[in-house]
file entry-v7.cif (mmCIF, C-alpha atoms and all ligand atoms)
data_start
loop_
_atom_site.label_atom_id
_atom_site.label_comp_id
_atom_site.auth_asym_id
_atom_site.auth_seq_id
_atom_site.Cartn_x
_atom_site.Cartn_y
_atom_site.Cartn_z
CA MET W 14 39.34 -40.40 -25.54
CA LYS W 15 41.99 -39.63 -22.89
CA LYS W 16 40.95 -40.65 -19.36
CA GLU W 17 40.89 -37.55 -17.16
CA LYS W 18 42.87 -37.49 -13.92
CA VAL W 19 42.58 -34.45 -11.71
CA LEU W 20 45.05 -32.79 -9.32
CA ILE W 21 43.64 -30.40 -6.72
CA MET W 22 46.19 -28.01 -5.21
CA GLY W 23 44.98 -26.44 -1.97
CA ALA W 24 42.58 -29.32 -1.28
CA CYS W 25 42.35 -28.63 2.47
CA GLY W 26 41.04 -25.08 2.06
CA GLN W 27 37.44 -23.88 2.18
CA ILE W 28 36.67 -24.67 -1.47
CA GLY W 29 39.18 -27.51 -1.79
CA VAL W 30 37.59 -29.89 0.71
CA GLU W 31 34.14 -29.80 -0.87
CA LEU W 32 35.41 -29.72 -4.45
CA THR W 33 37.62 -32.75 -3.82
CA LEU W 34 34.69 -34.69 -2.35
CA ALA W 35 32.39 -33.69 -5.23
CA LEU W 36 34.92 -34.51 -7.95
CA ARG W 37 35.70 -37.87 -6.32
CA LYS W 38 32.01 -38.73 -6.50
CA LEU W 39 31.93 -37.72 -10.17
CA TYR W 40 35.21 -39.15 -11.52
CA GLY W 41 36.02 -41.88 -8.96
CA ALA W 42 38.23 -41.49 -5.88
CA ASP W 43 41.47 -42.67 -7.50
CA ASN W 44 41.10 -40.20 -10.38
CA VAL W 45 41.13 -37.18 -8.07
CA ILE W 46 44.47 -36.52 -6.35
CA ALA W 47 44.22 -34.11 -3.42
CA SER W 48 47.23 -32.04 -2.38
CA ASP W 49 47.91 -29.27 0.07
CA ILE W 50 50.86 -27.70 1.88
CA ARG W 51 49.47 -29.18 5.12
CA GLU W 52 51.01 -32.50 6.22
CA ALA W 53 47.79 -33.80 7.72
CA GLN W 54 44.82 -33.71 5.40
CA HIS W 55 41.44 -32.26 6.37
CA PRO W 56 39.49 -34.81 8.49
CA LEU W 57 36.67 -34.94 5.92
CA LEU W 58 39.10 -36.02 3.19
CA GLU W 59 40.64 -38.85 5.21
CA GLY W 60 40.01 -42.24 3.64
CA THR W 61 38.29 -40.74 0.59
CA GLY W 62 41.22 -40.98 -1.88
CA PRO W 63 44.90 -40.23 -2.57
CA TYR W 64 46.54 -37.29 -0.77
CA TYR W 65 49.97 -35.65 -1.13
CA THR W 66 51.68 -32.88 0.82
CA LEU W 67 52.65 -30.36 -1.87
CA ASN W 68 53.78 -26.74 -1.71
CA ALA W 69 52.13 -24.95 -4.66
CA MET W 70 55.25 -22.72 -4.87
CA ASP W 71 57.46 -25.73 -5.59
CA ALA W 72 57.43 -26.06 -9.38
CA ALA W 73 59.70 -29.13 -9.50
CA ALA W 74 57.57 -31.04 -6.98
CA THR W 75 54.37 -30.02 -8.79
CA LEU W 76 55.74 -31.22 -12.13
CA ALA W 77 56.99 -34.48 -10.60
CA LEU W 78 53.56 -35.20 -9.07
CA ILE W 79 51.76 -34.38 -12.33
CA LYS W 80 54.03 -36.79 -14.22
CA LYS W 81 53.90 -39.51 -11.55
CA GLU W 82 50.10 -39.52 -11.39
CA ASN W 83 49.53 -38.90 -15.13
CA ILE W 84 47.47 -35.83 -14.31
CA THR W 85 45.40 -34.31 -17.13
CA GLN W 86 43.59 -31.47 -15.26
CA VAL W 87 44.68 -29.15 -12.44
CA TYR W 88 42.51 -27.14 -10.05
CA LEU W 89 44.82 -24.59 -8.42
CA LEU W 90 43.06 -23.32 -5.30
CA ALA W 91 46.04 -22.44 -3.08
CA ALA W 92 46.06 -18.67 -2.37
CA LEU W 93 46.21 -16.00 0.30
CA LEU W 94 42.85 -14.18 0.57
CA SER W 95 42.01 -10.50 0.97
CA ALA W 96 42.46 -9.90 4.71
CA THR W 97 45.57 -12.08 5.14
CA GLY W 98 47.01 -10.59 1.96
CA GLU W 99 46.87 -7.05 3.32
CA LYS W 100 49.02 -8.10 6.30
CA ASP W 101 51.88 -9.18 4.02
CA PRO W 102 51.22 -7.89 0.48
CA LYS W 103 54.47 -9.07 -1.13
CA ARG W 104 54.06 -12.58 0.22
CA ALA W 105 50.46 -12.65 -1.04
CA TRP W 106 51.60 -11.49 -4.48
CA ASP W 107 54.39 -14.10 -4.60
CA ILE W 108 52.19 -16.99 -3.52
CA ASN W 109 49.20 -16.10 -5.68
CA MET W 110 51.17 -15.28 -8.84
CA GLN W 111 54.06 -17.73 -8.71
CA SER W 112 51.83 -20.75 -8.16
CA LEU W 113 49.59 -19.72 -11.09
CA LEU W 114 52.41 -19.01 -13.56
CA GLN W 115 54.09 -22.31 -12.69
CA VAL W 116 50.90 -24.28 -13.21
CA LEU W 117 50.17 -22.51 -16.51
CA ASP W 118 53.69 -23.32 -17.77
CA ILE W 119 53.47 -26.95 -16.67
CA ALA W 120 50.01 -27.22 -18.24
CA VAL W 121 51.36 -26.08 -21.63
CA GLN W 122 54.49 -28.24 -21.36
CA GLU W 123 52.60 -31.38 -20.30
CA LYS W 124 49.67 -30.71 -22.64
CA LEU W 125 47.08 -30.81 -19.83
CA THR W 126 43.50 -30.77 -21.09
CA LYS W 127 42.18 -28.16 -18.61
CA VAL W 128 43.18 -25.86 -15.75
CA TYR W 129 40.85 -24.27 -13.20
CA TRP W 130 41.89 -21.21 -11.23
CA PRO W 131 39.52 -19.17 -9.05
CA SER W 132 39.18 -15.42 -9.26
CA SER W 133 37.05 -13.22 -6.99
CA ILE W 134 34.82 -10.18 -6.69
CA ALA W 135 37.97 -8.68 -5.15
CA VAL W 136 39.09 -7.72 -8.68
CA PHE W 137 36.63 -4.83 -8.45
CA GLY W 138 37.37 -1.58 -6.64
CA THR W 139 35.81 1.71 -5.60
CA THR W 140 35.65 2.98 -9.21
CA THR W 141 33.53 0.01 -10.31
CA PRO W 142 29.71 0.34 -10.40
CA LYS W 143 28.56 -1.03 -7.03
CA GLN W 144 25.17 -2.46 -8.05
CA ASP W 145 24.82 -5.23 -10.62
CA THR W 146 28.50 -4.97 -11.42
CA PRO W 147 28.87 -6.03 -15.06
CA GLN W 148 31.23 -8.68 -16.41
CA LYS W 149 33.18 -6.04 -18.29
CA THR W 150 33.59 -2.76 -16.44
CA ILE W 151 36.16 -0.54 -14.75
CA ILE W 152 38.49 -2.86 -12.84
CA GLU W 153 40.86 -1.15 -10.43
CA PRO W 154 41.38 -3.47 -7.43
CA ARG W 155 42.53 -1.91 -4.15
CA THR W 156 43.85 -4.99 -2.31
CA VAL W 157 46.89 -7.06 -3.20
CA TYR W 158 44.58 -10.09 -3.37
CA GLY W 159 42.40 -8.27 -5.92
CA ILE W 160 45.43 -7.14 -7.91
CA SER W 161 46.77 -10.71 -8.00
CA LYS W 162 43.37 -12.04 -9.10
CA TYR W 163 43.03 -9.49 -11.89
CA ALA W 164 46.60 -10.04 -13.09
CA GLY W 165 45.96 -13.78 -12.89
CA GLU W 166 42.85 -13.47 -15.05
CA LEU W 167 44.88 -11.64 -17.67
CA TRP W 168 47.56 -14.35 -17.54
CA CYS W 169 44.90 -17.05 -17.97
CA GLN W 170 43.51 -15.24 -20.99
CA TYR W 171 47.04 -14.79 -22.37
CA TYR W 172 47.88 -18.51 -22.05
CA ASN W 173 44.60 -19.35 -23.76
CA GLN W 174 45.22 -16.96 -26.65
CA ARG W 175 48.93 -17.67 -27.04
CA TRP W 176 49.14 -21.41 -26.29
CA GLY W 177 45.54 -22.58 -26.69
CA LEU W 178 45.44 -23.68 -23.03
CA ASP W 179 41.91 -24.45 -21.87
CA VAL W 180 41.96 -22.48 -18.62
CA ARG W 181 38.68 -21.53 -16.94
CA SER W 182 37.86 -19.27 -14.03
CA LEU W 183 35.05 -17.82 -11.87
CA ARG W 184 34.87 -14.61 -9.84
CA TYR W 185 33.54 -16.10 -6.60
CA PRO W 186 31.56 -13.91 -4.21
CA GLY W 187 31.94 -14.58 -0.46
CA LEU W 188 31.47 -18.32 0.09
CA ILE W 189 29.54 -19.80 2.99
CA SER W 190 30.12 -23.39 4.03
CA TRP W 191 29.71 -25.72 7.02
CA LYS W 192 32.07 -28.57 6.05
CA SER W 193 35.24 -26.47 5.92
CA GLU W 194 36.08 -23.08 7.38
CA PRO W 195 37.28 -20.06 5.44
CA GLY W 196 40.66 -18.57 6.18
CA GLY W 197 41.66 -14.95 5.92
CA GLY W 198 38.85 -13.43 3.87
CA THR W 199 36.74 -10.29 4.34
CA THR W 200 33.52 -12.26 3.86
CA ASP W 201 34.42 -14.79 6.60
CA TYR W 202 32.03 -13.10 9.04
CA ALA W 203 29.13 -14.74 7.20
CA VAL W 204 30.44 -18.17 8.25
CA GLU W 205 31.61 -17.25 11.77
CA ILE W 206 28.19 -15.81 12.57
CA TYR W 207 26.47 -19.21 12.25
CA HIS W 208 29.04 -20.94 14.48
CA GLU W 209 28.78 -18.23 17.14
CA ALA W 210 24.97 -18.13 16.96
CA LEU W 211 24.81 -21.84 17.81
CA LYS W 212 27.60 -21.82 20.39
CA HIS W 213 27.02 -18.53 22.21
CA GLY W 214 23.81 -16.96 20.89
CA LYS W 215 25.64 -13.76 19.95
CA TYR W 216 28.21 -12.43 17.50
CA THR W 217 30.34 -9.32 17.07
CA SER W 218 30.61 -8.51 13.36
CA PHE W 219 33.83 -7.01 12.01
CA LEU W 220 31.76 -5.37 9.25
CA SER W 221 29.15 -2.69 9.92
CA GLU W 222 25.44 -3.56 9.92
CA GLY W 223 24.67 -2.13 6.48
CA THR W 224 27.62 -3.60 4.54
CA TYR W 225 26.09 -5.43 1.59
CA LEU W 226 28.29 -7.96 -0.19
CA PRO W 227 27.65 -10.60 -2.87
CA MET W 228 27.57 -14.08 -1.29
CA MET W 229 27.00 -17.71 -2.28
CA TYR W 230 26.40 -21.02 -0.53
CA MET W 231 29.18 -23.55 -1.12
CA ASP W 232 26.82 -26.08 -2.73
CA ASP W 233 26.12 -23.57 -5.49
CA ALA W 234 29.80 -22.63 -5.82
CA ILE W 235 30.89 -26.26 -6.22
CA ARG W 236 28.16 -26.94 -8.77
CA ALA W 237 29.11 -23.77 -10.70
CA THR W 238 32.76 -24.84 -10.77
CA ILE W 239 31.98 -28.32 -12.05
CA GLU W 240 29.43 -27.05 -14.60
CA LEU W 241 31.93 -24.53 -15.93
CA MET W 242 34.65 -27.18 -16.21
CA GLU W 243 32.32 -29.69 -17.89
CA ALA W 244 30.86 -27.19 -20.36
CA PRO W 245 31.82 -27.77 -24.01
CA GLU W 246 34.76 -25.55 -25.01
CA GLU W 247 32.72 -23.53 -27.52
CA LYS W 248 30.44 -22.32 -24.70
CA ILE W 249 33.32 -20.69 -22.84
CA LYS W 250 33.29 -17.27 -24.43
CA SER W 251 35.25 -15.45 -21.71
CA ARG W 252 38.78 -16.45 -20.86
CA MET W 253 38.82 -13.80 -18.16
CA ALA W 254 36.91 -15.13 -15.12
CA TYR W 255 33.09 -15.19 -15.23
CA ASN W 256 31.07 -13.07 -12.80
CA LEU W 257 29.05 -15.41 -10.58
CA SER W 258 26.18 -14.46 -8.31
CA ALA W 259 23.52 -15.89 -6.01
CA MET W 260 22.53 -13.40 -3.24
CA SER W 261 23.55 -10.19 -1.49
CA PHE W 262 22.99 -9.37 2.17
CA SER W 263 24.34 -7.31 5.06
CA PRO W 264 25.33 -8.44 8.58
CA LYS W 265 22.01 -7.06 9.84
CA GLU W 266 20.06 -9.16 7.32
CA ILE W 267 21.91 -12.40 7.99
CA ALA W 268 21.33 -11.84 11.72
CA GLU W 269 17.58 -11.45 11.05
CA ALA W 270 17.59 -14.69 9.04
CA ILE W 271 19.34 -16.51 11.92
CA ARG W 272 16.86 -15.05 14.44
CA LYS W 273 14.04 -16.91 12.66
CA HIS W 274 15.71 -20.12 13.92
CA ILE W 275 17.37 -18.83 17.13
CA PRO W 276 15.01 -16.09 18.40
CA GLY W 277 17.33 -14.68 21.10
CA PHE W 278 20.34 -14.28 18.80
CA GLN W 279 22.16 -10.98 19.31
CA ILE W 280 24.57 -9.14 17.05
CA ASP W 281 26.75 -6.12 17.63
CA TYR W 282 29.27 -4.39 15.40
CA ALA W 283 32.97 -3.56 15.75
CA PRO W 284 34.26 -2.82 12.26
CA ASP W 285 38.02 -3.32 11.80
CA PHE W 286 40.45 -3.00 8.85
CA ARG W 287 38.30 -5.38 6.80
CA GLN W 288 35.55 -2.74 6.61
CA GLN W 289 37.66 -0.72 4.18
CA ILE W 290 38.21 -3.78 1.99
CA ALA W 291 34.47 -4.54 1.95
CA ASP W 292 33.65 -0.90 1.16
CA GLY W 293 35.73 -1.19 -2.02
CA TRP W 294 33.80 -4.21 -3.33
CA PRO W 295 30.50 -4.42 -5.25
CA GLN W 296 27.22 -4.91 -3.42
CA SER W 297 25.68 -7.08 -6.14
CA ILE W 298 26.91 -8.78 -9.29
CA ASP W 299 25.51 -9.16 -12.81
CA ASP W 300 26.34 -12.71 -13.87
CA SER W 301 24.20 -12.78 -17.02
CA ALA W 302 27.19 -13.86 -19.16
CA ALA W 303 27.63 -17.06 -17.07
CA ARG W 304 23.88 -17.69 -17.25
CA ALA W 305 23.78 -17.18 -21.03
CA ASP W 306 27.05 -18.91 -22.02
CA TRP W 307 26.99 -22.13 -19.97
CA GLY W 308 23.61 -22.09 -18.22
CA TRP W 309 24.53 -21.01 -14.68
CA LYS W 310 21.60 -20.89 -12.21
CA HIS W 311 21.89 -20.54 -8.43
CA GLU W 312 19.69 -22.53 -6.02
CA PHE W 313 20.31 -21.07 -2.56
CA ASP W 314 19.04 -17.75 -1.22
CA LEU W 315 19.62 -16.39 2.30
CA GLU W 316 16.67 -18.24 3.89
CA LYS W 317 17.42 -21.63 2.32
CA MET W 318 21.13 -21.33 3.09
CA THR W 319 20.52 -20.32 6.72
CA ALA W 320 18.24 -23.30 7.35
CA ASP W 321 20.79 -25.69 5.80
CA MET W 322 23.81 -24.17 7.59
CA LEU W 323 22.16 -24.29 11.01
CA LEU W 324 20.91 -27.85 10.49
CA HIS W 325 24.37 -29.18 9.57
CA LEU W 326 26.32 -27.16 12.12
CA LYS W 327 23.94 -28.28 14.89
CA GLU W 328 24.53 -31.92 13.90
CA GLN W 329 28.28 -31.29 13.84
CA LEU W 330 28.22 -29.73 17.33
CA GLN W 331 26.24 -32.67 18.71
CA THR W 332 28.77 -35.20 17.42
CA VAL W 333 31.84 -33.37 18.84
C1 LIG W 401 37.66 -12.86 0.62
O1 LIG W 401 36.84 -12.35 1.40
O2 LIG W 401 38.84 -12.48 0.52
C2 LIG W 401 37.19 -13.98 -0.28
C3 LIG W 401 36.76 -13.46 -1.61
C4 LIG W 401 35.57 -12.62 -1.74
O3 LIG W 401 37.40 -13.75 -2.58
N1 LIG W 401 36.11 -14.68 0.34
#
call {"tool": "encode", "arguments": {"input": "entry-v7.cif", "output": "structure tokens"}}
result
Amino acid sequence: MKKEKVLIMGACGQIGVELTLALRKLYGADNVIASDIREAQHPLLEGTGPYYTLNAMDAAATLALIKKENITQVYLLAALLSATGEKDPKRAWDINMQSLLQVLDIAVQEKLTKVYWPSSIAVFGTTTPKQDTPQKTIIEPRTVYGISKYAGELWCQYYNQRWGLDVRSLRYPGLISWKSEPGGGTTDYAVEIYHEALKHGKYTSFLSEGTYLPMMYMDDAIRATIELMEAPEEKIKSRMAYNLSAMSFSPKEIAEAIRKHIPGFQIDYAPDFRQQIADGWPQSIDDSAARADWGWKHEFDLEKMTADMLLHLKEQLQTV
């Protein structure tokens, strides 16, 4: 059997840091090559394994690195998210699409065994059912990020059908993590709020108090990603991305959960342009296909996540 060697593109991002660390534990540090456009790697990755500066838009450099390191699997995580994407839609489209198409082409050419590419709940829009949004439903994204994710899903499916490429994908909800910070998403408030609660005891939310969105703790998201990638090929019945779900809450509810640990915590609301993006997304997700096909099961709810986030962030603050 061919020995697997993984390349992670976008390793210094919110998902990338934790996925790199988890995959290094699983496959061995030298078998997981981290790369990112940033020259300096994320502090948590330092000393944990090989790192390269790589622009995901540079096809020649990507191919050269894949050949040099005898890569067999690629996780392409580099992307512009929903809020950043709306500030420069054409740039978001170029980055999100070009990097994917290049990786898919290289994967076919170099006969890679697997590719992972993340999608998002951002594929859904205002015409989609808002509660328990099904795997297959009306999909009319309203943001350039959502459009690029939906187009990307179709490209992944196309490369699977046309070239037999084993490409797998998940529609992540908002992701909440303490090791690495999010950048440029509409769901970022649900990370900022924990930092601000510990530092200042108050937070101004850029989403209104009753805005429900699907969310997930990073531990669950990393486990889902690895379980999907490790699942036997015959269990992967959708080559569009799988819906994935754990919990749904509003800014008001997360504030109440934080108040159980920090009783004086205060929240107020100043919705900005991200409110409109959030209003176009589902409030909860039906991920029964992921649960039935490859056994997905979440572990963290709002209470468990809040306790874990505050514990780790408090430790982090004390060591700074
Ligand atoms: C965003 O808010 O843009 C992302 C996402 C839901 O994909 N966190």
call {"tool": "residues_around", "arguments": {"input": "entry-v7.cif", "residues": "stretch 242-258 of chain W", "least_positions_apart": "3", "cutoff": "8 Å", "atoms": "only C-alpha atoms", "output": "PyMOL selection string"}}
result
chain W and resi 127+129+131-132+134+147-148+166-167+169-170+173+179-186+227-229+238-239+297-300+302-303+306-307+311
call {"tool": "write_last_selection", "arguments": {"input": "entry-v7.cif", "atoms": "C-alpha atoms", "output": "short mmCIF file (atom, residue, chain, number, x, y, z; two decimals), keeping the file's coordinate frame"}}
result
data_model
loop_
_atom_site.label_atom_id
_atom_site.label_comp_id
_atom_site.auth_asym_id
_atom_site.auth_seq_id
_atom_site.Cartn_x
_atom_site.Cartn_y
_atom_site.Cartn_z
CA LYS W 127 42.18 -28.16 -18.61
CA TYR W 129 40.85 -24.27 -13.20
CA PRO W 131 39.52 -19.17 -9.05
CA SER W 132 39.18 -15.42 -9.26
CA ILE W 134 34.82 -10.18 -6.69
CA PRO W 147 28.87 -6.03 -15.06
CA GLN W 148 31.23 -8.68 -16.41
CA GLU W 166 42.85 -13.47 -15.05
CA LEU W 167 44.88 -11.64 -17.67
CA CYS W 169 44.90 -17.05 -17.97
CA GLN W 170 43.51 -15.24 -20.99
CA ASN W 173 44.60 -19.35 -23.76
CA ASP W 179 41.91 -24.45 -21.87
CA VAL W 180 41.96 -22.48 -18.62
CA ARG W 181 38.68 -21.53 -16.94
CA SER W 182 37.86 -19.27 -14.03
CA LEU W 183 35.05 -17.82 -11.87
CA ARG W 184 34.87 -14.61 -9.84
CA TYR W 185 33.54 -16.10 -6.60
CA PRO W 186 31.56 -13.91 -4.21
CA PRO W 227 27.65 -10.60 -2.87
CA MET W 228 27.57 -14.08 -1.29
CA MET W 229 27.00 -17.71 -2.28
CA THR W 238 32.76 -24.84 -10.77
CA ILE W 239 31.98 -28.32 -12.05
CA SER W 297 25.68 -7.08 -6.14
CA ILE W 298 26.91 -8.78 -9.29
CA ASP W 299 25.51 -9.16 -12.81
CA ASP W 300 26.34 -12.71 -13.87
CA ALA W 302 27.19 -13.86 -19.16
CA ALA W 303 27.63 -17.06 -17.07
CA ASP W 306 27.05 -18.91 -22.02
CA TRP W 307 26.99 -22.13 -19.97
CA HIS W 311 21.89 -20.54 -8.43
#
call {"tool": "atom_distance", "arguments": {"input": "entry-v7.cif", "atom1": "atom CA of W:Lys215", "atom2": "atom CA of W:Asp232"}}
result
25.8 Å
call {"tool": "residues_near_ligand", "arguments": {"input": "entry-v7.cif", "ligand": "ligand LIG 401 (chain W)", "cutoff": "6 Å", "atoms": "only C-alpha atoms and all ligand atoms", "output": "PyMOL selection string"}}
result
chain W and resi 94-95+133-135+186-188+198-200
call {"tool": "closest_residue", "arguments": {"input": "entry-v7.cif", "among": "W:Gly29, W:Gly223, W:Gly62, W:Gly197", "to": "W:Ile267", "atoms": "only C-alpha atoms"}}
result
W:Gly223
call {"tool": "residues_around", "arguments": {"input": "entry-v7.cif", "residues": "W:Thr97", "least_positions_apart": "2", "cutoff": "12 Å", "atoms": "all atoms listed in the file", "output": "ChimeraX atom specification"}}
result
/W:92-95,99-106,108,156-158,195-199,201,286-287,290
call {"tool": "residues_around", "arguments": {"input": "entry-v7.cif", "residues": "W:Ser193", "least_positions_apart": "3", "cutoff": "9 Å", "atoms": "only C-alpha atoms", "output": "PyMOL selection string"}}
result
chain W and resi 25-31+55+57+190
call {"tool": "atom_distance", "arguments": {"input": "entry-v7.cif", "atom1": "atom CA of W:Leu90", "atom2": "atom CA of W:Glu59"}}
result
18.9 Å
call {"tool": "closest_residue", "arguments": {"input": "entry-v7.cif", "among": "W:Ser112, W:Asn44, W:Gln144, W:Asn83", "to": "W:Met70", "atoms": "all atoms listed in the file"}}
result
W:Ser112
call {"tool": "atom_distance", "arguments": {"input": "entry-v7.cif", "atom1": "atom CA of W:Pro284", "atom2": "atom CA of W:Tyr230"}}
result
23.6 Å
call {"tool": "closest_residue", "arguments": {"input": "entry-v7.cif", "among": "W:Asp281, W:Asp49, W:Asp292, W:Glu194", "to": "W:Thr75", "atoms": "only C-alpha atoms"}}
result
W:Asp49
call {"tool": "residues_around", "arguments": {"input": "entry-v7.cif", "residues": "W:Leu89", "least_positions_apart": "3", "cutoff": "7 Å", "atoms": "all atoms listed in the file", "output": "PyMOL selection string"}}
result
chain W and resi 21-23+129-130
call {"tool": "closest_residue", "arguments": {"input": "entry-v7.cif", "among": "W:Glu269, W:Asp285, W:Glu328, W:Asp43", "to": "W:Leu315", "atoms": "all atoms listed in the file"}}
result
W:Glu269
call {"tool": "closest_residue", "arguments": {"input": "entry-v7.cif", "among": "W:Leu32, W:Leu113, W:Ile119, W:Met318", "to": "W:Ala73", "atoms": "only C-alpha atoms"}}
result
W:Ile119
call {"tool": "build_atoms", "arguments": {"input": "entry-v7.cif", "residues": "stretch 88-108 of chain W", "atoms": "N, CA and C atoms", "output": "compact mmCIF listing (two decimals), in the coordinates of the input"}}
result
# COMPACT_ATOMS: atom_id res chain seq x y z
N TYR W 88 43.28 -28.20 -10.71
CA TYR W 88 42.51 -27.14 -10.05
C TYR W 88 43.46 -26.50 -9.05
N LEU W 89 43.87 -25.26 -9.31
CA LEU W 89 44.82 -24.59 -8.42
C LEU W 89 44.05 -23.66 -7.48
N LEU W 90 43.87 -24.10 -6.25
CA LEU W 90 43.06 -23.32 -5.30
C LEU W 90 43.90 -22.65 -4.22
N ALA W 91 45.17 -23.01 -4.13
CA ALA W 91 46.04 -22.44 -3.08
C ALA W 91 46.18 -20.94 -3.31
N ALA W 92 45.94 -20.14 -2.26
CA ALA W 92 46.06 -18.67 -2.37
C ALA W 92 45.97 -18.04 -0.99
N LEU W 93 46.49 -16.82 -0.88
CA LEU W 93 46.21 -16.00 0.30
C LEU W 93 45.04 -15.09 -0.04
N LEU W 94 44.05 -14.97 0.85
CA LEU W 94 42.85 -14.18 0.57
C LEU W 94 43.03 -12.71 0.97
N SER W 95 41.92 -11.97 0.88
CA SER W 95 42.01 -10.50 0.97
C SER W 95 42.57 -9.98 2.30
N ALA W 96 42.05 -10.47 3.42
CA ALA W 96 42.46 -9.90 4.71
C ALA W 96 43.89 -10.32 5.06
N THR W 97 44.21 -11.59 4.87
CA THR W 97 45.57 -12.08 5.14
C THR W 97 46.55 -11.39 4.19
N GLY W 98 46.14 -11.21 2.96
CA GLY W 98 47.01 -10.59 1.96
C GLY W 98 47.45 -9.19 2.34
N GLU W 99 46.52 -8.43 2.95
CA GLU W 99 46.87 -7.05 3.32
C GLU W 99 47.91 -7.00 4.44
N LYS W 100 48.03 -8.09 5.20
CA LYS W 100 49.02 -8.10 6.30
C LYS W 100 50.43 -8.30 5.75
N ASP W 101 50.55 -8.95 4.61
CA ASP W 101 51.88 -9.18 4.02
C ASP W 101 51.73 -9.19 2.49
N PRO W 102 51.58 -7.99 1.90
CA PRO W 102 51.22 -7.89 0.48
C PRO W 102 52.21 -8.59 -0.46
N LYS W 103 53.51 -8.47 -0.19
CA LYS W 103 54.47 -9.07 -1.13
C LYS W 103 54.39 -10.59 -1.10
N ARG W 104 54.19 -11.12 0.10
CA ARG W 104 54.06 -12.58 0.22
C ARG W 104 52.80 -13.05 -0.52
N ALA W 105 51.72 -12.28 -0.36
CA ALA W 105 50.46 -12.65 -1.04
C ALA W 105 50.66 -12.63 -2.55
N TRP W 106 51.34 -11.60 -3.04
CA TRP W 106 51.60 -11.49 -4.48
C TRP W 106 52.42 -12.69 -4.95
N ASP W 107 53.51 -12.99 -4.21
CA ASP W 107 54.39 -14.10 -4.60
C ASP W 107 53.62 -15.42 -4.65
N ILE W 108 52.89 -15.69 -3.58
CA ILE W 108 52.19 -16.99 -3.52
C ILE W 108 51.13 -17.07 -4.63
